[in-house]
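Here's my_file16.cif, which has mmCIF, C-alpha atoms:
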```
data_input
#
loop_
_atom_site.label_atom_id
_atom_site.label_comp_id
_atom_site.auth_asym_id
_atom_site.auth_seq_id
_atom_site.Cartn_x
_atom_site.Cartn_y
_atom_site.Cartn_z
CA MET A 12 115.43 94.75 107.14
CA LEU A 13 114.51 91.16 106.33
CA LYS A 14 114.48 90.24 110.03
CA ASP A 15 112.30 93.17 111.05
CA LYS A 16 109.82 93.01 108.22
CA PHE A 17 109.20 89.31 107.76
CA SER A 18 108.87 87.78 111.18
CA HIS A 19 108.16 84.26 109.89
CA GLU A 20 111.25 83.99 107.73
CA SER A 21 114.85 84.68 108.54
CA ILE A 22 118.32 84.36 107.09
CA ARG A 23 120.65 81.86 108.78
CA ASP A 24 124.38 81.45 108.16
CA TYR A 25 126.21 78.13 108.53
CA GLU A 26 129.90 77.27 108.52
CA ASP A 27 131.37 74.42 106.48
CA GLY A 28 130.36 71.07 108.01
CA GLU A 29 127.76 72.57 110.34
CA CYS A 30 124.62 70.50 110.79
CA ILE A 31 121.35 72.12 109.68
CA PHE A 32 119.17 69.24 110.89
CA ARG A 33 119.58 65.53 111.62
CA GLU A 34 117.52 62.54 110.60
CA GLY A 35 114.85 61.98 113.26
CA ASP A 36 114.87 65.60 114.53
CA SER A 37 111.45 67.04 115.25
CA SER A 38 112.07 70.54 113.86
CA PHE A 39 109.58 71.66 111.21
CA GLU A 40 111.13 74.66 109.41
CA MET A 41 111.89 74.49 105.72
CA TYR A 42 114.82 76.15 103.99
CA VAL A 43 115.78 77.63 100.64
CA VAL A 44 119.48 77.79 99.74
CA HIS A 45 120.50 81.42 99.25
CA SER A 46 124.22 80.74 98.78
CA GLY A 47 126.59 77.82 99.30
CA ASN A 48 125.63 74.14 99.16
CA VAL A 49 123.92 71.56 101.36
CA LEU A 50 124.75 67.85 101.53
CA VAL A 51 121.81 65.56 102.23
CA SER A 52 122.37 62.06 103.58
CA LYS A 53 120.41 59.24 105.20
CA ALA A 54 121.97 56.58 107.42
CA GLY A 55 125.42 57.64 106.20
CA LEU A 56 124.43 57.31 102.54
CA ALA A 57 124.81 60.50 100.46
CA LEU A 58 121.52 61.29 98.74
CA GLY A 59 122.38 64.52 96.99
CA GLU A 60 123.79 68.03 97.05
CA LEU A 61 121.55 71.09 96.96
CA SER A 62 122.61 74.44 95.54
CA ARG A 63 121.20 78.00 95.23
CA GLY A 64 117.44 78.26 95.01
CA GLU A 65 116.79 74.64 95.99
CA PHE A 66 114.47 73.62 98.83
CA LEU A 67 115.10 71.39 101.83
CA GLY A 68 113.10 70.33 104.84
CA GLU A 69 109.72 70.93 103.20
CA MET A 70 108.47 67.39 103.92
CA SER A 71 108.69 67.95 107.68
CA LEU A 72 106.94 71.30 107.35
CA LEU A 73 104.12 70.00 105.15
CA GLU A 74 103.49 66.74 107.02
CA SER A 75 104.70 67.53 110.58
CA LEU A 76 106.90 64.44 110.51
CA PRO A 77 110.41 64.03 111.93
CA ARG A 78 113.30 64.77 109.55
CA SER A 79 113.78 61.95 107.06
CA ALA A 80 117.41 62.83 106.30
CA THR A 81 120.41 64.77 107.60
CA ALA A 82 121.46 68.09 106.06
CA ILE A 83 124.97 69.51 106.43
CA ALA A 84 126.40 72.76 105.06
CA LYS A 85 129.15 72.44 102.48
CA GLY A 86 131.29 75.57 102.60
CA LYS A 87 129.91 78.82 103.97
CA THR A 88 126.20 78.55 103.45
CA ARG A 89 123.34 81.00 103.82
CA LEU A 90 119.77 79.74 104.03
CA LEU A 91 116.36 81.36 104.07
CA CYS A 92 114.46 79.68 106.90
CA ILE A 93 110.64 79.57 106.73
CA GLN A 94 108.66 78.78 109.89
CA PRO A 95 105.55 76.55 109.62
CA GLY A 96 103.35 79.42 110.89
CA GLY A 97 104.56 81.72 108.15
CA PHE A 98 104.23 79.27 105.28
CA LEU A 99 100.85 80.46 103.99
CA LEU A 100 101.88 84.09 104.40
CA LYS A 101 104.99 83.30 102.36
CA ILE A 102 102.86 81.80 99.58
CA ARG A 103 100.57 84.84 99.59
CA ARG A 104 103.39 87.37 99.51
CA ASP A 105 105.69 85.40 97.20
CA PRO A 106 103.41 83.31 94.93
CA THR A 107 106.20 82.05 92.67
CA PHE A 108 107.70 80.41 95.77
CA ALA A 109 104.68 78.03 95.79
CA PHE A 110 105.02 77.48 92.05
CA GLU A 111 108.68 76.54 92.38
CA LEU A 112 108.01 74.30 95.39
CA LEU A 113 105.35 72.40 93.39
CA GLN A 114 107.75 72.16 90.45
CA SER A 115 110.41 70.69 92.73
CA LEU A 116 108.02 68.12 94.26
CA SER A 117 106.70 67.19 90.81
CA ALA A 118 110.25 66.67 89.51
CA ARG A 119 111.05 64.41 92.47
CA ILE A 120 107.99 62.23 91.82
CA ARG A 121 108.89 61.98 88.14
CA LEU A 122 112.52 61.05 88.91
CA THR A 123 111.48 58.45 91.48
CA ASN A 124 109.03 56.91 89.00
CA GLU A 125 111.73 56.82 86.31
CA ARG A 126 114.22 55.17 88.70
CA LEU A 127 111.62 52.64 89.87
CA LEU A 128 110.67 51.81 86.29
CA GLY A 129 114.34 51.47 85.34
CA SER A 130 114.99 49.09 88.26
CA VAL A 131 111.90 46.98 87.54
CA LYS A 132 112.90 46.70 83.86
CA ALA A 133 116.43 45.65 84.88
CA GLY A 134 115.13 42.66 86.84
CA PRO A 135 113.68 41.72 90.22
CA VAL A 136 113.99 44.51 92.80
CA ASP A 137 114.99 43.68 96.38
CA GLU A 138 113.76 45.66 99.37
CA GLN A 139 117.10 47.38 99.97
CA SER A 140 117.44 48.85 96.46
CA LEU A 141 113.77 49.87 96.51
CA GLN A 142 114.35 51.77 99.77
CA LYS A 143 117.41 53.45 98.25
CA ILE A 144 115.35 54.73 95.29
CA LEU A 145 112.61 56.04 97.58
CA ASP A 146 115.17 57.80 99.83
CA LYS A 147 116.76 59.50 96.85
CA GLY A 148 113.33 60.63 95.71
CA ALA A 149 112.70 62.19 99.11
CA ALA A 150 116.00 64.12 99.15
CA MET B 12 105.91 75.31 81.64
CA ILE B 13 109.37 76.81 81.16
CA THR B 14 110.71 78.76 84.11
CA ARG B 15 114.46 78.27 83.64
CA ALA B 16 116.77 79.73 81.05
CA ASP B 17 120.52 79.24 80.73
CA SER B 18 121.93 82.08 78.71
CA PRO B 19 125.44 83.53 78.41
CA ARG B 20 124.03 86.85 77.10
CA MET B 21 120.50 88.10 77.46
CA VAL B 22 118.66 91.39 77.07
CA VAL B 23 115.35 92.09 78.78
CA ILE B 24 112.79 94.64 77.61
CA SER B 25 109.38 95.27 79.05
CA ASP B 26 106.01 96.90 78.52
CA LEU B 27 106.11 97.68 74.80
CA HIS B 28 102.29 97.64 74.75
CA LEU B 29 102.19 97.08 70.99
CA GLY B 30 98.60 97.56 69.90
CA ASN B 31 97.87 100.26 72.47
CA PRO B 32 96.89 103.58 70.87
CA PHE B 33 99.57 105.27 73.01
CA SER B 34 102.36 102.90 71.88
CA SER B 35 104.52 104.09 69.01
CA VAL B 36 107.54 101.89 69.63
CA ARG B 37 107.34 99.60 66.58
CA ARG B 38 110.35 100.96 64.67
CA ARG B 39 112.51 101.27 67.75
CA THR B 40 111.58 97.76 68.89
CA VAL B 41 112.39 96.27 65.48
CA SER B 42 115.71 98.11 65.49
CA PHE B 43 116.45 96.77 68.99
CA ILE B 44 115.62 93.18 68.00
CA HIS B 45 117.95 93.43 64.96
CA TRP B 46 120.70 94.87 67.17
CA ALA B 47 120.28 92.14 69.82
CA ALA B 48 120.29 89.32 67.26
CA ALA B 49 123.30 90.75 65.44
CA ASN B 50 125.21 90.86 68.75
CA GLY B 51 124.27 87.32 69.77
CA TYR B 52 121.91 88.16 72.65
CA ASP B 53 118.97 86.06 73.72
CA ILE B 54 115.90 88.27 74.02
CA CYS B 55 113.33 88.34 76.80
CA VAL B 56 110.13 90.38 76.58
CA ASN B 57 109.14 90.76 80.21
CA GLY B 58 105.38 91.05 79.90
CA ASP B 59 102.91 93.43 78.22
CA GLY B 60 104.86 93.28 74.97
CA PHE B 61 101.49 93.14 73.23
CA ASP B 62 98.48 94.95 74.60
CA VAL B 63 95.13 93.24 74.42
CA ALA B 64 93.56 94.96 77.43
CA GLN B 65 93.60 98.42 75.79
CA VAL B 66 93.88 97.34 72.17
CA SER B 67 93.27 99.48 69.12
CA LEU B 68 92.78 96.97 66.31
CA GLY B 69 94.15 99.37 63.71
CA ARG B 70 97.31 99.99 65.71
CA PHE B 71 97.65 96.30 66.53
CA THR B 72 97.49 95.13 62.90
CA HIS B 73 99.87 97.92 61.88
CA ASP B 74 102.55 97.29 64.53
CA VAL B 75 102.52 93.64 65.60
CA PRO B 76 103.29 91.74 62.35
CA GLU B 77 106.58 93.61 61.78
CA VAL B 78 107.74 92.99 65.35
CA LEU B 79 106.80 89.30 65.11
CA GLN B 80 108.77 89.05 61.85
CA ALA B 81 111.79 90.68 63.51
CA LEU B 82 111.55 88.20 66.38
CA ARG B 83 111.30 85.33 63.89
CA GLY B 84 114.44 86.68 62.21
CA ALA B 85 116.25 86.76 65.58
CA ILE B 86 115.25 83.14 66.25
CA ASP B 87 116.51 82.14 62.80
CA LYS B 88 119.85 83.83 63.59
CA GLY B 89 120.18 81.69 66.73
CA SER B 90 118.83 83.93 69.51
CA ALA B 91 116.40 82.36 71.95
CA VAL B 92 113.30 84.50 72.44
CA TYR B 93 111.51 84.31 75.80
CA TYR B 94 108.15 85.88 76.51
CA VAL B 95 107.09 86.36 80.13
CA VAL B 96 103.35 86.85 80.42
CA GLY B 97 102.09 90.15 81.86
CA ASN B 98 98.62 91.40 82.75
CA HIS B 99 97.78 93.12 79.43
CA ASP B 100 98.55 90.05 77.30
CA ILE B 101 97.26 87.06 79.30
CA VAL B 102 94.52 86.32 76.74
CA PHE B 103 97.12 86.52 73.97
CA GLU B 104 99.02 83.59 75.50
CA HIS B 105 97.51 80.90 73.23
CA PHE B 106 98.26 82.84 70.08
CA LEU B 107 101.89 83.25 71.16
CA ILE B 108 102.19 79.51 71.86
CA ASP B 109 100.59 78.58 68.53
CA TRP B 110 102.69 81.10 66.62
CA GLY B 111 105.74 79.11 67.68
CA GLY B 112 109.29 80.23 68.26
CA PHE B 113 108.64 81.98 71.56
CA LYS B 114 109.46 80.28 74.82
CA LEU B 115 106.52 81.35 76.94
CA ALA B 116 106.95 81.55 80.72
CA PRO B 117 105.04 82.82 83.77
CA PHE B 118 108.44 84.02 85.08
CA LEU B 119 112.04 83.16 84.29
CA ASN B 120 114.96 82.12 86.47
CA VAL B 121 117.91 83.06 84.28
CA ARG B 122 121.29 81.51 84.90
CA CYS B 123 124.18 83.37 83.32
CA GLY B 124 127.48 81.88 84.52
CA ASN B 125 127.33 82.11 88.31
CA LEU B 126 124.63 84.75 88.20
CA ARG B 127 121.00 83.93 89.02
CA VAL B 128 118.46 86.47 87.87
CA ARG B 129 114.70 86.40 88.33
CA VAL B 130 112.78 88.00 85.45
CA GLU B 131 109.10 88.51 86.18
CA HIS B 132 106.48 90.99 85.00
CA GLY B 133 105.61 91.92 88.58
CA HIS B 134 101.85 92.56 88.40
CA LEU B 135 101.36 90.04 91.22
CA TYR B 136 103.03 92.53 93.58
CA ASP B 137 100.85 95.46 92.57
CA PRO B 138 98.57 95.97 95.61
CA PHE B 139 95.80 97.46 93.44
CA PHE B 140 95.85 94.53 90.96
CA VAL B 141 95.84 91.91 93.74
CA LEU B 142 93.36 93.44 96.18
CA SER B 143 90.78 94.86 93.76
CA PRO B 144 91.08 92.97 90.46
CA ARG B 145 87.65 94.05 89.16
CA LEU B 146 88.26 97.69 89.94
CA TYR B 147 91.72 97.37 88.38
CA ASP B 148 90.19 95.95 85.18
CA PHE B 149 87.63 98.75 85.11
CA CYS B 150 90.33 101.40 85.60
CA THR B 151 92.42 99.77 82.84
CA TRP B 152 89.42 100.04 80.50
CA LEU B 153 88.80 103.62 81.61
CA GLY B 154 92.49 104.40 81.08
CA GLY B 155 92.17 103.01 77.55
CA LEU B 156 89.41 105.52 76.83
CA ALA B 157 91.52 108.35 78.23
CA LEU B 158 94.44 107.29 76.01
CA ALA B 159 92.17 107.27 72.98
CA LEU B 160 91.21 110.87 73.80
CA HIS B 161 94.77 112.09 74.31
CA PRO B 162 97.89 109.93 74.66
CA SER B 163 99.85 112.57 76.58
CA LEU B 164 97.53 112.05 79.56
CA TYR B 165 99.58 108.97 80.34
CA ARG B 166 102.87 110.86 80.58
CA SER B 167 101.19 113.25 83.02
CA TRP B 168 100.03 110.30 85.14
CA ILE B 169 103.58 108.87 85.32
CA ARG B 170 104.93 112.29 86.33
CA PHE B 171 102.23 112.52 88.99
CA GLU B 172 103.22 109.10 90.39
CA ARG B 173 106.87 110.14 90.65
CA LEU B 174 105.98 113.40 92.34
CA ARG B 175 103.60 111.65 94.74
CA SER B 176 106.24 109.11 95.76
CA ARG B 177 108.67 111.92 96.64
CA PHE B 178 106.20 113.25 99.21
CA THR B 179 104.69 110.01 100.50
CA ARG B 180 107.77 107.83 100.79
CA LYS B 181 109.48 107.79 104.14
CA ARG B 182 113.00 109.16 104.27
CA GLY B 183 115.76 106.56 103.79
CA MET B 184 113.46 104.03 102.13
CA SER B 185 114.80 102.26 99.09
CA GLY B 186 113.04 101.34 95.88
CA ILE B 187 112.42 102.96 92.53
CA GLU B 188 110.88 106.43 92.40
CA GLY B 189 107.21 106.36 91.46
CA GLU B 190 106.62 102.72 92.43
CA PRO B 191 104.69 101.48 95.44
CA LEU B 192 107.17 100.06 97.98
CA SER B 193 105.55 96.61 97.62
CA PHE B 194 107.60 95.97 94.45
CA PHE B 195 110.92 96.56 96.20
CA GLU B 196 109.82 94.46 99.20
CA SER B 197 108.71 91.61 96.92
CA ALA B 198 112.01 91.75 95.05
CA GLY B 199 113.73 91.41 98.45
CA ARG B 200 111.72 88.27 99.26
CA ILE B 201 112.69 86.74 95.92
CA GLU B 202 116.34 87.75 96.38
CA ALA B 203 116.44 85.83 99.68
CA ARG B 204 115.70 82.64 97.72
CA GLY B 205 119.11 82.74 96.06
CA PHE B 206 118.95 85.41 93.37
CA ASP B 207 121.59 88.04 92.56
CA ALA B 208 119.14 90.30 90.77
CA VAL B 209 115.41 90.66 90.31
CA VAL B 210 113.94 92.29 87.19
CA PHE B 211 110.32 93.46 87.16
CA GLY B 212 108.33 95.47 84.63
CA HIS B 213 104.67 96.52 84.99
CA THR B 214 105.10 99.86 86.80
CA HIS B 215 106.66 101.70 83.81
CA HIS B 216 109.11 103.39 86.18
CA THR B 217 112.72 102.95 85.08
CA GLY B 218 115.41 102.54 87.72
CA TRP B 219 117.32 100.25 90.01
CA ALA B 220 117.89 99.85 93.74
CA GLU B 221 120.11 97.77 95.97
CA LEU B 222 118.32 94.94 97.79
CA PRO B 223 118.78 94.04 101.50
CA LEU B 224 121.18 91.13 100.87
CA GLY B 225 123.31 92.99 98.32
CA GLY B 226 121.48 92.03 95.12
CA ARG B 227 119.91 94.43 92.62
CA TYR B 228 116.32 95.22 91.83
CA ILE B 229 115.95 96.60 88.30
CA ASN B 230 113.01 97.85 86.27
CA PRO B 231 113.65 98.80 82.64
CA GLY B 232 110.34 100.69 82.60
CA SER B 233 108.20 101.01 79.50
CA TRP B 234 109.48 101.66 76.01
CA MET B 235 106.50 103.94 75.54
CA LEU B 236 108.36 106.38 77.82
CA SER B 237 112.07 105.54 77.47
CA PRO B 238 113.96 102.75 75.63
CA HIS B 239 115.79 101.11 78.52
CA PHE B 240 116.74 97.45 78.69
CA VAL B 241 118.51 95.15 81.13
CA LYS B 242 121.67 93.48 79.93
CA ILE B 243 122.61 90.20 81.63
CA GLU B 244 126.16 89.30 80.72
CA ASP B 245 129.60 88.47 82.22
CA ASP B 246 128.19 87.70 85.68
CA LYS B 247 126.55 91.11 86.00
CA THR B 248 123.36 93.00 85.24
CA GLU B 249 123.20 96.47 83.73
CA LEU B 250 120.42 98.94 83.00
CA VAL B 251 121.13 100.45 79.58
CA ASN B 252 119.49 103.15 77.50
CA PHE B 253 119.10 101.72 74.00
CA ALA B 254 119.34 105.12 72.31
CA ARG B 255 122.93 105.47 73.59
CA GLU B 256 123.87 101.80 73.17
CA ASP B 257 122.63 102.02 69.61
CA LYS B 258 124.94 104.92 68.87
CA VAL B 259 127.91 103.23 70.57
CA GLY B 260 127.29 99.90 68.87
#
```

Represent the structure of the file as structure tokens.
Amino acid sequence: MLKDKFSHESIRDYEDGECIFREGDSSFEMYVVHSGNVLVSKAGLALGELSRGEFLGEMSLLESLPRSATAIAKGKTRLLCIQPGGFLLKIRRDPTFAFELLQSLSARIRLTNERLLGSVKAGPVDEQSLQKILDKGAA
Amino acid sequence: MITRADSPRMVVISDLHLGNPFSSVRRRTVSFIHWAAANGYDICVNGDGFDVAQVSLGRFTHDVPEVLQALRGAIDKGSAVYYVVGNHDIVFEHFLIDWGGFKLAPFLNVRCGNLRVRVEHGHLYDPFFVLSPRLYDFCTWLGGLALALHPSLYRSWIRFERLRSRFTRKRGMSGIEGEPLSFFESAGRIEARGFDAVVFGHTHHTGWAELPLGGRYINPGSWMLSPHFVKIEDDKTELVNFAREDKVG
């Protein structure tokens, strides 16, 4: 029913360890975790684990930029995939989706600011640790 | 703004419309709140608990203080009380915040063990409310006048909606009898974002239906018509008639 009715969004199933997208890829869909978990990493460094209801890939959709990190399924994972062309339709039909996406982006900015402030207070910040904080904020 | 609630036990009621000339649910609501608090449930009023859009000031001042006191008592006993804003109480929002005690939310994502439940009033999925808001407001006002003339007109309208849906709905379509299909479809879209159940109010039609990915769509309806509530507990959701639960408990 979902496939027939909503042409711009679809359900995708992934096996454990299957790659959803890789850093540098030029795909622009975004995903919401329906079940299972997703590991996000950048240059081999684990940035975080996403669980049910969490968003991934929205930066590429919103800014049309290549993927900034790699996402891999952990265990059997089911994702809702939203195509760029269907994004506004999704917001119109499911307004709390937009609310939750904004909440998620706002939380990331707040966390990044807190981490940056913590690092600056702890002493001089080198370029590498600054990059690490920014990467975590983007995951 | 709060949109998340972790609760091991929660009950959800909807559409009490306290203050509406048609609403006579004060005693039953107070009794329910006492029962929920005594049994350690968190309480969620899923929109239109208070009715400002079709208010009768006399009815409002008679009914609301006792219900607010009962809710205060539940909070004092340790129950969390959530209030999801509906379309008949939007202007009441500031009073509810100032009154204190309530956790006010535009919608709630409830986590109960491994279960994720969306609780939302649902007026955003009403095609009439979204497409013609001015006409909807006018009809709400007109409906208020009709209720003042004779409250039973509303029961007739609900029966008409159920009857209409039997004839207009295509065979094999899911959803709750009497509701436009848009509510069931919207619940399906929300389910796909990682929810096991979706609870709406607004339509006043009690029922449940299975969603495309195996979750449940539930509507406890309005207490003005029947005292149903949704129980979220032990990794499952249930639609319960309070009159029976009351006797059992």

For this session: List the residues selected by the PyMOL selection byres ((chain A and resi 91) around 8) in the file shown, writing them as a PyMOL selection string.
Result: (chain A and resi 20-23+42-45+89-90+92-93) or (chain B and resi 203-204)

Okay, now the selection with C-alpha atoms, as a PDB file, in the frame of the given file?
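Output file out-v8.pdb is given in full below:
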```
ATOM      1  CA  GLU A  20     111.250  83.990 107.730  1.00  0.00           C
ATOM      2  CA  SER A  21     114.850  84.680 108.540  1.00  0.00           C
ATOM      3  CA  ILE A  22     118.320  84.360 107.090  1.00  0.00           C
ATOM      4  CA  ARG A  23     120.650  81.860 108.780  1.00  0.00           C
ATOM      5  CA  TYR A  42     114.820  76.150 103.990  1.00  0.00           C
ATOM      6  CA  VAL A  43     115.780  77.630 100.640  1.00  0.00           C
ATOM      7  CA  VAL A  44     119.480  77.790  99.740  1.00  0.00           C
ATOM      8  CA  HIS A  45     120.500  81.420  99.250  1.00  0.00           C
ATOM      9  CA  ARG A  89     123.340  81.000 103.820  1.00  0.00           C
ATOM     10  CA  LEU A  90     119.770  79.740 104.030  1.00  0.00           C
ATOM     11  CA  CYS A  92     114.460  79.680 106.900  1.00  0.00           C
ATOM     12  CA  ILE A  93     110.640  79.570 106.730  1.00  0.00           C
TER      13      ILE A  93
ATOM     14  CA  ALA B 203     116.440  85.830  99.680  1.00  0.00           C
ATOM     15  CA  ARG B 204     115.700  82.640  97.720  1.00  0.00           C
TER      16      ARG B 204
END
```

Exercise. Which residues come within 9 Å of Arg177 in chain B, counting only C-alpha atoms, excluding same-chain residues fewer than 5 positions away, as a ChimeraX atom specification?
Worked result: /B:172,188-189

For this session: Could you please select, counting only C-alpha atoms, the residues of chain B within 8 Å of chain A and state them as a PyMOL selection string?
Result: chain B and resi 135-136+197+199-201+203-206+223

Suppose we keep C-alpha atoms; can you now write the selection as a short mmCIF file (atom, residue, chain, number, x, y, z; two decimals), in the frame of the given file?
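Written output follows (out.cif):
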```
data_model
loop_
_atom_site.label_atom_id
_atom_site.label_comp_id
_atom_site.auth_asym_id
_atom_site.auth_seq_id
_atom_site.Cartn_x
_atom_site.Cartn_y
_atom_site.Cartn_z
CA LEU B 135 101.36 90.04 91.22
CA TYR B 136 103.03 92.53 93.58
CA SER B 197 108.71 91.61 96.92
CA GLY B 199 113.73 91.41 98.45
CA ARG B 200 111.72 88.27 99.26
CA ILE B 201 112.69 86.74 95.92
CA ALA B 203 116.44 85.83 99.68
CA ARG B 204 115.70 82.64 97.72
CA GLY B 205 119.11 82.74 96.06
CA PHE B 206 118.95 85.41 93.37
CA PRO B 223 118.78 94.04 101.50
#
```

Exercise. Which residues match the PyMOL selection byres ((chain B and resi 151-163) around 12) in the file above, as a PyMOL selection string?
Worked result: chain B and resi 28+30-35+62-67+70+98-99+139-140+144-150+164-170+235-236

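Comparing A:Leu116, A:Leu76, A:Ala82, A:Met41 by their smallest distance to Leu61 in chain A, the closest is A:Ala82 (using all atoms listed in the file).
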
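Interatomic distance, CA of Leu100 in chain A against CA of Ala16 in chain B: 28.0 Å.
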
Exercise. If we count all atoms listed in the file, what is near Leu72 in chain A at a cut-off of 10 Å, once residues fewer than 4 positions away on the same chain are taken out, given as an MDAnalysis selection string?
Worked result: chainID A and resid 38:42 67:68 76:78 93:96 98

Expected file: the selected residues, C-alpha atoms, as a tab-separated table (two decimals), keeping the file's coordinate frame:
```
chain	number	residue	atom	x	y	z
A	38	SER	CA	112.07	70.54	113.86
A	39	PHE	CA	109.58	71.66	111.21
A	40	GLU	CA	111.13	74.66	109.41
A	41	MET	CA	111.89	74.49	105.72
A	42	TYR	CA	114.82	76.15	103.99
A	67	LEU	CA	115.10	71.39	101.83
A	68	GLY	CA	113.10	70.33	104.84
A	76	LEU	CA	106.90	64.44	110.51
A	77	PRO	CA	110.41	64.03	111.93
A	78	ARG	CA	113.30	64.77	109.55
A	93	ILE	CA	110.64	79.57	106.73
A	94	GLN	CA	108.66	78.78	109.89
A	95	PRO	CA	105.55	76.55	109.62
A	96	GLY	CA	103.35	79.42	110.89
A	98	PHE	CA	104.23	79.27	105.28
```

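In this comparison, which uses all atoms listed in the file, the residue of B:Glu77, B:Glu131, B:Asp59, B:Asp53 approaching Phe103 in chain B most closely is B:Asp59.
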
For this session: Run through the PyMOL selection byres ((chain B and resi 186) around 6) on the given coordinates and return the selected residues as a PyMOL selection string.
Result: chain B and resi 185+187+195+220

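Nearest to Gly60 in chain B of all the residues B:Trp234, B:Phe240, B:Phe43, B:Phe194 is B:Trp234, counting only C-alpha atoms.
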
Generate the missing atoms of range 216-232 of chain B up to N, CA and C atoms and report them as a PDB file, keeping the file's coordinate frame.
```pdb
ATOM      1  N   HIS B 216     108.119 102.482  85.594  1.00  0.00           N
ATOM      2  CA  HIS B 216     109.110 103.390  86.180  1.00  0.00           C
ATOM      3  C   HIS B 216     110.498 102.778  86.045  1.00  0.00           C
ATOM      4  N   THR B 217     111.371 103.461  85.323  1.00  0.00           N
ATOM      5  CA  THR B 217     112.720 102.950  85.080  1.00  0.00           C
ATOM      6  C   THR B 217     113.614 103.249  86.282  1.00  0.00           C
ATOM      7  N   GLY B 218     114.463 102.277  86.650  1.00  0.00           N
ATOM      8  CA  GLY B 218     115.410 102.540  87.720  1.00  0.00           C
ATOM      9  C   GLY B 218     115.963 101.255  88.310  1.00  0.00           C
ATOM     10  N   TRP B 219     116.816 101.421  89.285  1.00  0.00           N
ATOM     11  CA  TRP B 219     117.320 100.250  90.010  1.00  0.00           C
ATOM     12  C   TRP B 219     117.575 100.632  91.459  1.00  0.00           C
ATOM     13  N   ALA B 220     117.640  99.617  92.306  1.00  0.00           N
ATOM     14  CA  ALA B 220     117.890  99.850  93.740  1.00  0.00           C
ATOM     15  C   ALA B 220     118.601  98.639  94.307  1.00  0.00           C
ATOM     16  N   GLU B 221     119.396  98.882  95.343  1.00  0.00           N
ATOM     17  CA  GLU B 221     120.110  97.770  95.970  1.00  0.00           C
ATOM     18  C   GLU B 221     119.194  97.075  96.968  1.00  0.00           C
ATOM     19  N   LEU B 222     119.195  95.735  96.929  1.00  0.00           N
ATOM     20  CA  LEU B 222     118.320  94.940  97.790  1.00  0.00           C
ATOM     21  C   LEU B 222     118.997  94.655  99.138  1.00  0.00           C
ATOM     22  N   PRO B 223     118.216  94.209 100.138  1.00  0.00           N
ATOM     23  CA  PRO B 223     118.780  94.040 101.500  1.00  0.00           C
ATOM     24  C   PRO B 223     119.988  93.120 101.599  1.00  0.00           C
ATOM     25  N   LEU B 224     120.058  92.076 100.761  1.00  0.00           N
ATOM     26  CA  LEU B 224     121.180  91.130 100.870  1.00  0.00           C
ATOM     27  C   LEU B 224     122.283  91.422  99.856  1.00  0.00           C
ATOM     28  N   GLY B 225     122.233  92.577  99.231  1.00  0.00           N
ATOM     29  CA  GLY B 225     123.310  92.990  98.320  1.00  0.00           C
ATOM     30  C   GLY B 225     123.004  92.791  96.850  1.00  0.00           C
ATOM     31  N   GLY B 226     121.861  92.213  96.524  1.00  0.00           N
ATOM     32  CA  GLY B 226     121.480  92.030  95.120  1.00  0.00           C
ATOM     33  C   GLY B 226     120.904  93.319  94.537  1.00  0.00           C
ATOM     34  N   ARG B 227     120.451  93.243  93.292  1.00  0.00           N
ATOM     35  CA  ARG B 227     119.910  94.430  92.620  1.00  0.00           C
ATOM     36  C   ARG B 227     118.473  94.203  92.189  1.00  0.00           C
ATOM     37  N   TYR B 228     117.673  95.223  92.371  1.00  0.00           N
ATOM     38  CA  TYR B 228     116.320  95.220  91.830  1.00  0.00           C
ATOM     39  C   TYR B 228     116.308  96.215  90.667  1.00  0.00           C
ATOM     40  N   ILE B 229     115.906  95.740  89.495  1.00  0.00           N
ATOM     41  CA  ILE B 229     115.950  96.600  88.300  1.00  0.00           C
ATOM     42  C   ILE B 229     114.585  96.599  87.614  1.00  0.00           C
ATOM     43  N   ASN B 230     114.201  97.759  87.113  1.00  0.00           N
ATOM     44  CA  ASN B 230     113.010  97.850  86.270  1.00  0.00           C
ATOM     45  C   ASN B 230     113.372  98.668  85.030  1.00  0.00           C
ATOM     46  N   PRO B 231     113.297  98.038  83.844  1.00  0.00           N
ATOM     47  CA  PRO B 231     113.650  98.800  82.640  1.00  0.00           C
ATOM     48  C   PRO B 231     112.559  99.790  82.219  1.00  0.00           C
ATOM     49  N   GLY B 232     111.436  99.764  82.925  1.00  0.00           N
ATOM     50  CA  GLY B 232     110.340 100.690  82.600  1.00  0.00           C
ATOM     51  C   GLY B 232     109.659 100.318  81.304  1.00  0.00           C
TER      52      GLY B 232
END
```
